[in-house]
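Chemist: Pasting a structure below so you can have a look.
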Amino acid sequence: MGSPAPYAALHGKRILLGITGSIAAYKSAILARELQRRGATVRVIMTPGAIEFITPLTLATLTDHPVYSDFTENRDSGEWTNHVELGLWGDVFIVAPATANTLSAFVHGTCDNFLQAVHLSSRCPVCVAPAMDLDMLSHAATQSNIQHLQDRGVGVIESDSGLLASGLEGKGRMLEPEAIADWMEHWFNERAPLRNKKVIITAGPTQEPIDSVRFIGNHSSGKMGYALAHALVVQGAEVHLISGPVQLNAPKGVASFTEVQTAEEMMTAASRNFNDFDIAIATAAVADARPKKSAAIKLHRNELPDSIELEPTPDILAHWGKVKAAHQTVVGFALETDDGVASAMSKLKRKNLDFIVLNSTAIKGAGFGTDTNQVSIFNRDGKPHKFELKSKVEVADDIVQHLLNYLNP
């Protein structure tokens, strides 16, 4: 049993970080770094006031992306910065720090600078981290604006108390960057589409011993299964990964990680508390047969048998399909050496699956050992959902999206 890494709700997220004219703007550089450390991609938008406190070069260097602060990238050329494109890019738009003026502008829909224009054109959720002096924060107008934003669904990261730039003590400090990143992780987790779903997934090959050093196996690297496990974690699922022998580290965020060698061991692990799971996904390339007899020691060349008598291994996927309850979704994979549609559909129906993912070794760049894959997904109606050759990380995202569509038709 391996040790699962901490949950990474920000991994793969695209975060627009807005910075406004507050002394707390210096913390935004640390926040950008912290969000990146947790796996997010960060792009920064600054108001003219923010640039008085911290330079765009600092943020551009830290994020490895240009910083946006004006409608034109180059006033001489007149090249237009597309605020609409930025608004569509982000998974969330967080303004930290958010001044009293910015809060008011967001409430009233004013558009006096580039950041406010992005706010109006954003389709993603918006969060704000107010930062100002205590009397400004406690003023009825500011409190009314905060309430209006919350009523519209804007996430408000409550200000902290402490020593303020004015020298006064009280509420108005922007939360520390690590605390804001924690808040964002919780925020994403609460909205994750697979939150409260338990998923069991098998990955990698199995090895069926001939003797203590030789085995029957296959070339599965486990990359597809591990990428899928990670994609499920990102969507909020509680993922329990059972893996055959591979040269990969456990994906960040899995709830449990069980290493096995043989099909029998994988069957035992995959059957344990199966009724507790909502979703079961079999990506593992389980050996179909094993030697009837295996030696506990290494056999020398002159001791090797002329032939090896084989017997079937347990069929994990068929077992899942047989015992699954109405609330459970079971997904299988089929690897074929030709187009394999008929074989995949037969497997889907024979093993009582909800849908099946077909890939073929006949396609260059797909199948075992590669970093890319090309798949087609079939539901029970037989209608194909075909995808182009992509990285296995992208394929995993496609499969998870298909799962979400299947669960929420």
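Here, A, B, ... name the chains of the structure tokens in the order displayed, residue numbers run from 1 inside each chain, and ligands are numbered from 1 in the same displayed order.
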Please provide as number ranges by chain all residues within 10 Å of Ser166 (chain A), with the sequence filter that same-chain residues fewer than 6 positions apart are discarded (counting only C-alpha atoms).
Modeler: A: 132-134
Chemist: Residues of region 115-312 of chain A in strand (DSSP E or B) according to DSSP, as a ChimeraX atom specification?
Modeler: /A:126-130,155-156,160-163,169-173,198-203,205,208-209,215-216,238-243,256-259,279-282,285,289-291,310-312
Chemist: Please report the interatomic distance between CA of Trp320 (chain A) and CA of Ser294 (chain A) in Å with one decimal.
Modeler: 27.7 Å
Chemist: Among region 187-305 of chain A, which ones does DSSP assign to alpha helix (DSSP H) (computed from the backbone)? Answer as an NGL selection string.
Modeler: :A and (187-191 or 223-234 or 263-271)
Chemist: Kindly save the residues from that selection, with N, CA and C atoms included, as an mmCIF file, in the first residue's frame.
Modeler:
```cif
data_model
loop_
_atom_site.group_PDB
_atom_site.id
_atom_site.type_symbol
_atom_site.label_atom_id
_atom_site.label_comp_id
_atom_site.auth_asym_id
_atom_site.auth_seq_id
_atom_site.Cartn_x
_atom_site.Cartn_y
_atom_site.Cartn_z
ATOM 1 N N TRP A 187 -12.886 25.868 -2.433
ATOM 2 C CA TRP A 187 -13.921 26.406 -3.319
ATOM 3 C C TRP A 187 -14.106 25.507 -4.534
ATOM 4 N N PHE A 188 -13.012 25.100 -5.168
ATOM 5 C CA PHE A 188 -13.095 24.204 -6.320
ATOM 6 C C PHE A 188 -13.648 22.842 -5.914
ATOM 7 N N ASN A 189 -13.198 22.360 -4.776
ATOM 8 C CA ASN A 189 -13.638 21.035 -4.322
ATOM 9 C C ASN A 189 -15.143 21.007 -4.084
ATOM 10 N N GLU A 190 -15.679 22.081 -3.512
ATOM 11 C CA GLU A 190 -17.116 22.149 -3.244
ATOM 12 C C GLU A 190 -17.946 22.131 -4.526
ATOM 13 N N ARG A 191 -17.346 22.553 -5.628
ATOM 14 C CA ARG A 191 -18.063 22.638 -6.903
ATOM 15 C C ARG A 191 -17.673 21.538 -7.879
ATOM 16 N N LYS A 223 0.254 4.192 -18.049
ATOM 17 C CA LYS A 223 0.138 5.649 -18.215
ATOM 18 C C LYS A 223 -1.306 6.105 -18.410
ATOM 19 N N MET A 224 -2.082 5.328 -19.184
ATOM 20 C CA MET A 224 -3.470 5.720 -19.432
ATOM 21 C C MET A 224 -4.282 5.665 -18.144
ATOM 22 N N GLY A 225 -4.128 4.589 -17.394
ATOM 23 C CA GLY A 225 -4.869 4.443 -16.149
ATOM 24 C C GLY A 225 -4.490 5.479 -15.112
ATOM 25 N N TYR A 226 -3.194 5.791 -15.022
ATOM 26 C CA TYR A 226 -2.733 6.780 -14.053
ATOM 27 C C TYR A 226 -3.218 8.177 -14.437
ATOM 28 N N ALA A 227 -3.193 8.478 -15.742
ATOM 29 C CA ALA A 227 -3.707 9.775 -16.198
ATOM 30 C C ALA A 227 -5.196 9.899 -15.899
ATOM 31 N N LEU A 228 -5.923 8.803 -16.074
ATOM 32 C CA LEU A 228 -7.358 8.813 -15.803
ATOM 33 C C LEU A 228 -7.629 8.960 -14.310
ATOM 34 N N ALA A 229 -6.840 8.295 -13.486
ATOM 35 C CA ALA A 229 -6.994 8.433 -12.035
ATOM 36 C C ALA A 229 -6.799 9.884 -11.618
ATOM 37 N N HIS A 230 -5.778 10.518 -12.184
ATOM 38 C CA HIS A 230 -5.526 11.920 -11.844
ATOM 39 C C HIS A 230 -6.653 12.825 -12.321
ATOM 40 N N ALA A 231 -7.150 12.592 -13.539
ATOM 41 C CA ALA A 231 -8.249 13.410 -14.067
ATOM 42 C C ALA A 231 -9.494 13.293 -13.197
ATOM 43 N N LEU A 232 -9.740 12.123 -12.654
ATOM 44 C CA LEU A 232 -10.886 11.914 -11.768
ATOM 45 C C LEU A 232 -10.696 12.651 -10.447
ATOM 46 N N VAL A 233 -9.472 12.652 -9.932
ATOM 47 C CA VAL A 233 -9.171 13.386 -8.702
ATOM 48 C C VAL A 233 -9.438 14.877 -8.905
ATOM 49 N N VAL A 234 -8.980 15.408 -10.036
ATOM 50 C CA VAL A 234 -9.164 16.829 -10.331
ATOM 51 C C VAL A 234 -10.647 17.202 -10.344
ATOM 52 N N ALA A 263 -3.058 -11.299 -11.530
ATOM 53 C CA ALA A 263 -4.492 -11.096 -11.740
ATOM 54 C C ALA A 263 -5.288 -11.499 -10.506
ATOM 55 N N GLU A 264 -4.861 -12.548 -9.843
ATOM 56 C CA GLU A 264 -5.550 -13.007 -8.630
ATOM 57 C C GLU A 264 -5.492 -11.937 -7.550
ATOM 58 N N GLU A 265 -4.311 -11.324 -7.378
ATOM 59 C CA GLU A 265 -4.167 -10.258 -6.388
ATOM 60 C C GLU A 265 -5.014 -9.039 -6.766
ATOM 61 N N MET A 266 -5.040 -8.730 -8.055
ATOM 62 C CA MET A 266 -5.845 -7.591 -8.503
ATOM 63 C C MET A 266 -7.329 -7.869 -8.293
ATOM 64 N N MET A 267 -7.753 -9.097 -8.557
ATOM 65 C CA MET A 267 -9.152 -9.480 -8.353
ATOM 66 C C MET A 267 -9.536 -9.329 -6.882
ATOM 67 N N THR A 268 -8.668 -9.766 -5.993
ATOM 68 C CA THR A 268 -8.940 -9.662 -4.556
ATOM 69 C C THR A 268 -9.104 -8.203 -4.146
ATOM 70 N N ALA A 269 -8.173 -7.356 -4.601
ATOM 71 C CA ALA A 269 -8.229 -5.938 -4.245
ATOM 72 C C ALA A 269 -9.435 -5.246 -4.883
ATOM 73 N N ALA A 270 -9.755 -5.632 -6.122
ATOM 74 C CA ALA A 270 -10.853 -4.992 -6.851
ATOM 75 C C ALA A 270 -12.227 -5.422 -6.355
ATOM 76 N N SER A 271 -12.288 -6.540 -5.656
ATOM 77 C CA SER A 271 -13.569 -7.044 -5.147
ATOM 78 C C SER A 271 -13.859 -6.552 -3.739
#
```
Chemist: If we count only C-alpha atoms, what is near region 281-293 of chain A at a cut-off of 7 Å, once residues fewer than 4 positions away on the same chain are taken out, given as a PyMOL selection string?
Modeler: chain A and resi 200-206+208+210+216-217+220+225+263+308-313+317+330-333
Chemist: Keeping only N, CA and C atoms, take the residues you just selected and write them out as a PDB file, in the first residue's frame.
Modeler:
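Dumped everything to out.pdb:
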```pdb
ATOM      1  N   ILE A 200     -13.207   3.288  -8.117  1.00  0.00           N
ATOM      2  CA  ILE A 200     -12.141   2.291  -8.092  1.00  0.00           C
ATOM      3  C   ILE A 200     -11.647   2.136  -9.519  1.00  0.00           C
ATOM      4  N   ILE A 201     -10.334   2.132  -9.701  1.00  0.00           N
ATOM      5  CA  ILE A 201      -9.761   2.036 -11.039  1.00  0.00           C
ATOM      6  C   ILE A 201      -8.550   1.107 -11.013  1.00  0.00           C
ATOM      7  N   THR A 202      -8.476   0.226 -11.992  1.00  0.00           N
ATOM      8  CA  THR A 202      -7.318  -0.658 -12.127  1.00  0.00           C
ATOM      9  C   THR A 202      -6.437  -0.138 -13.255  1.00  0.00           C
ATOM     10  N   ALA A 203      -5.123  -0.357 -13.130  1.00  0.00           N
ATOM     11  CA  ALA A 203      -4.193   0.162 -14.131  1.00  0.00           C
ATOM     12  C   ALA A 203      -2.969  -0.736 -14.231  1.00  0.00           C
ATOM     13  N   GLY A 204      -2.281  -0.606 -15.367  1.00  0.00           N
ATOM     14  CA  GLY A 204      -1.031  -1.333 -15.559  1.00  0.00           C
ATOM     15  C   GLY A 204      -1.234  -2.780 -15.961  1.00  0.00           C
ATOM     16  N   PRO A 205      -0.142  -3.546 -16.039  1.00  0.00           N
ATOM     17  CA  PRO A 205      -0.220  -4.953 -16.413  1.00  0.00           C
ATOM     18  C   PRO A 205      -0.340  -5.844 -15.187  1.00  0.00           C
ATOM     19  N   THR A 206      -0.562  -7.110 -15.409  1.00  0.00           N
ATOM     20  CA  THR A 206      -0.316  -8.104 -14.358  1.00  0.00           C
ATOM     21  C   THR A 206       0.794  -9.022 -14.846  1.00  0.00           C
ATOM     22  N   GLU A 208       2.122 -12.947 -14.415  1.00  0.00           N
ATOM     23  CA  GLU A 208       1.766 -14.285 -13.949  1.00  0.00           C
ATOM     24  C   GLU A 208       3.021 -15.155 -13.944  1.00  0.00           C
ATOM     25  N   ILE A 210       6.061 -17.737 -14.000  1.00  0.00           N
ATOM     26  CA  ILE A 210       6.458 -19.070 -14.463  1.00  0.00           C
ATOM     27  C   ILE A 210       7.373 -19.690 -13.415  1.00  0.00           C
ATOM     28  N   ILE A 216       4.530 -14.411 -17.381  1.00  0.00           N
ATOM     29  CA  ILE A 216       3.725 -14.048 -18.544  1.00  0.00           C
ATOM     30  C   ILE A 216       3.126 -12.671 -18.263  1.00  0.00           C
ATOM     31  N   GLY A 217       3.328 -11.746 -19.184  1.00  0.00           N
ATOM     32  CA  GLY A 217       2.824 -10.391 -18.970  1.00  0.00           C
ATOM     33  C   GLY A 217       2.583  -9.688 -20.283  1.00  0.00           C
ATOM     34  N   SER A 220       1.963  -3.135 -21.076  1.00  0.00           N
ATOM     35  CA  SER A 220       1.229  -1.998 -20.522  1.00  0.00           C
ATOM     36  C   SER A 220       2.118  -1.178 -19.592  1.00  0.00           C
ATOM     37  N   GLY A 225      -4.128   4.589 -17.394  1.00  0.00           N
ATOM     38  CA  GLY A 225      -4.869   4.443 -16.149  1.00  0.00           C
ATOM     39  C   GLY A 225      -4.490   5.479 -15.112  1.00  0.00           C
ATOM     40  N   ALA A 263      -3.058 -11.299 -11.530  1.00  0.00           N
ATOM     41  CA  ALA A 263      -4.492 -11.096 -11.740  1.00  0.00           C
ATOM     42  C   ALA A 263      -5.288 -11.499 -10.506  1.00  0.00           C
ATOM     43  N   ILE A 308       4.116 -24.940 -21.529  1.00  0.00           N
ATOM     44  CA  ILE A 308       3.538 -24.443 -20.277  1.00  0.00           C
ATOM     45  C   ILE A 308       2.029 -24.571 -20.365  1.00  0.00           C
ATOM     46  N   GLU A 309       1.456 -25.329 -19.468  1.00  0.00           N
ATOM     47  CA  GLU A 309       0.003 -25.485 -19.443  1.00  0.00           C
ATOM     48  C   GLU A 309      -0.609 -24.259 -18.774  1.00  0.00           C
ATOM     49  N   LEU A 310      -1.581 -23.663 -19.441  1.00  0.00           N
ATOM     50  CA  LEU A 310      -2.190 -22.431 -18.955  1.00  0.00           C
ATOM     51  C   LEU A 310      -3.603 -22.662 -18.455  1.00  0.00           C
ATOM     52  N   GLU A 311      -4.047 -21.744 -17.603  1.00  0.00           N
ATOM     53  CA  GLU A 311      -5.430 -21.720 -17.146  1.00  0.00           C
ATOM     54  C   GLU A 311      -5.906 -20.274 -17.129  1.00  0.00           C
ATOM     55  N   PRO A 312      -7.208 -20.038 -17.262  1.00  0.00           N
ATOM     56  CA  PRO A 312      -7.716 -18.659 -17.287  1.00  0.00           C
ATOM     57  C   PRO A 312      -7.484 -17.950 -15.955  1.00  0.00           C
ATOM     58  N   THR A 313      -7.246 -16.662 -16.030  1.00  0.00           N
ATOM     59  CA  THR A 313      -7.174 -15.831 -14.825  1.00  0.00           C
ATOM     60  C   THR A 313      -8.579 -15.320 -14.496  1.00  0.00           C
ATOM     61  N   LEU A 317     -13.424  -7.574 -14.804  1.00  0.00           N
ATOM     62  CA  LEU A 317     -14.460  -6.743 -15.407  1.00  0.00           C
ATOM     63  C   LEU A 317     -15.802  -7.470 -15.477  1.00  0.00           C
ATOM     64  N   VAL A 330     -20.021   0.954 -14.473  1.00  0.00           N
ATOM     65  CA  VAL A 330     -18.823   0.156 -14.753  1.00  0.00           C
ATOM     66  C   VAL A 330     -18.341   0.461 -16.170  1.00  0.00           C
ATOM     67  N   VAL A 331     -17.057   0.792 -16.273  1.00  0.00           N
ATOM     68  CA  VAL A 331     -16.447   1.180 -17.544  1.00  0.00           C
ATOM     69  C   VAL A 331     -15.297   0.231 -17.859  1.00  0.00           C
ATOM     70  N   GLY A 332     -15.261  -0.247 -19.095  1.00  0.00           N
ATOM     71  CA  GLY A 332     -14.193  -1.138 -19.515  1.00  0.00           C
ATOM     72  C   GLY A 332     -13.346  -0.534 -20.613  1.00  0.00           C
ATOM     73  N   PHE A 333     -12.192  -1.145 -20.848  1.00  0.00           N
ATOM     74  CA  PHE A 333     -11.309  -0.774 -21.953  1.00  0.00           C
ATOM     75  C   PHE A 333     -11.120  -1.990 -22.846  1.00  0.00           C
TER      76      PHE A 333
END
```
Chemist: Excluding same-chain residues fewer than 3 positions from Val92 (chain A), what lies within 8 Å of it counting only C-alpha atoms, as a ChimeraX atom specification?
Modeler: /A:14-16,124-127
Chemist: May I have the selected residues written with N, CA and C atoms, as a CSV table (one decimal), in the first residue's frame?
Modeler:
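Dumped to again29.csv:
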```csv
chain,number,residue,atom,x,y,z
A,14,ARG,N,-7.1,26.9,-14.7
A,14,ARG,CA,-6.6,28.1,-15.3
A,14,ARG,C,-7.2,29.3,-14.5
A,15,ILE,N,-6.3,30.0,-13.9
A,15,ILE,CA,-6.7,31.1,-12.9
A,15,ILE,C,-6.3,32.4,-13.5
A,16,LEU,N,-7.3,33.3,-13.6
A,16,LEU,CA,-7.1,34.7,-13.9
A,16,LEU,C,-6.9,35.4,-12.6
A,124,CYS,N,-16.6,32.8,-16.4
A,124,CYS,CA,-16.2,31.9,-15.3
A,124,CYS,C,-16.6,32.5,-14.0
A,125,PRO,N,-16.7,31.8,-12.9
A,125,PRO,CA,-17.0,32.3,-11.6
A,125,PRO,C,-15.9,33.4,-11.2
A,126,VAL,N,-16.4,34.3,-10.3
A,126,VAL,CA,-15.5,35.4,-9.9
A,126,VAL,C,-15.4,35.3,-8.4
A,127,CYS,N,-14.2,35.6,-7.9
A,127,CYS,CA,-13.9,35.6,-6.4
A,127,CYS,C,-13.1,36.9,-6.1
```
Chemist: With only C-alpha atoms as the counted atoms, please give the residues lying no more than 7 Å from region 29-40 of chain A, apart from itself and same-chain residues fewer than 2 positions off, as a list in words.
Modeler: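 The contact residues come out as Ala8, Leu10, His11, Gly12, Lys13, Arg14, Ile15, Tyr26, Lys27, Val42, Leu59, Leu62, Thr63, Pro177, Glu178 and Ala181 of chain A.
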Chemist: Let me see the file: selected residues, C-alpha atoms, as a PDB file, in the first residue's frame.
Modeler:
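Result file out19.pdb:
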```pdb
ATOM      1  CA  ALA A   8      -4.618  18.856  -5.504  1.00  0.00           C
ATOM      2  CA  LEU A  10      -5.965  23.376  -8.275  1.00  0.00           C
ATOM      3  CA  HIS A  11      -4.006  21.085 -10.553  1.00  0.00           C
ATOM      4  CA  GLY A  12      -4.703  21.895 -14.179  1.00  0.00           C
ATOM      5  CA  LYS A  13      -6.918  24.863 -13.326  1.00  0.00           C
ATOM      6  CA  ARG A  14      -6.625  28.107 -15.314  1.00  0.00           C
ATOM      7  CA  ILE A  15      -6.720  31.062 -12.949  1.00  0.00           C
ATOM      8  CA  TYR A  26       2.955  42.723  -3.093  1.00  0.00           C
ATOM      9  CA  LYS A  27       1.321  39.561  -1.699  1.00  0.00           C
ATOM     10  CA  VAL A  42      -1.930  31.719 -13.758  1.00  0.00           C
ATOM     11  CA  LEU A  59       4.408  39.000 -12.239  1.00  0.00           C
ATOM     12  CA  LEU A  62       6.872  34.555 -11.949  1.00  0.00           C
ATOM     13  CA  THR A  63       4.011  33.287 -14.128  1.00  0.00           C
ATOM     14  CA  PRO A 177      -1.318  33.842  -0.014  1.00  0.00           C
ATOM     15  CA  GLU A 178      -1.223  30.290   1.330  1.00  0.00           C
ATOM     16  CA  ALA A 181      -4.782  29.123  -2.058  1.00  0.00           C
TER      17      ALA A 181
END
```
Chemist: Report the distance between CA of Glu85 (chain A) and CA of Ala24 (chain A) in Å, rounded to one decimal place.
Modeler: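 About the pair CA of Glu85 (chain A) and CA of Ala24 (chain A): they are 27.5 Å apart.
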Chemist: Smallest atom-to-atom distance to Gly170 (chain A): which of A:Gly109, A:His148, A:Tyr406, A:Met136, using only C-alpha atoms?
Modeler: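 Comparing A:Gly109, A:His148, A:Tyr406, A:Met136 against Gly170 (chain A), the winner is A:Met136.
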Chemist: Please indicate the distance in Å from CA of Thr258 (chain A) to CA of His240 (chain A), rounded to one decimal place.
Modeler: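 Separation of CA of Thr258 (chain A) and CA of His240 (chain A): 8.0 Å.
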Chemist: Tell me, as a list of chain:residue names, which residues lie within 10 Å of Val156 (chain A), counting only C-alpha atoms; anything in the same chain fewer than 4 positions away does not count.
Modeler: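 Result of the neighbour search: A:Ile94, A:Val95, A:Ala98, A:Val126, A:Cys127, A:Val128, A:Ala129, A:Pro130, A:Ile146, A:Gln147, A:Leu149, A:Gln150.
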Chemist: Between A:Leu17, A:Ala165, A:Leu389, A:Val118, which has the minimum distance to Ile180 (chain A) (counting only C-alpha atoms)?
Modeler: A:Leu17
Chemist: List as a PyMOL selection string the protein and nucleic acid residues near region 49-56 of chain A, meaning an atom at most 10 Å away when only C-alpha atoms are counted, but skip any in the same chain fewer than 2 places from it.
Modeler: chain A and resi 18-29+44-47+58-62+66-69+97
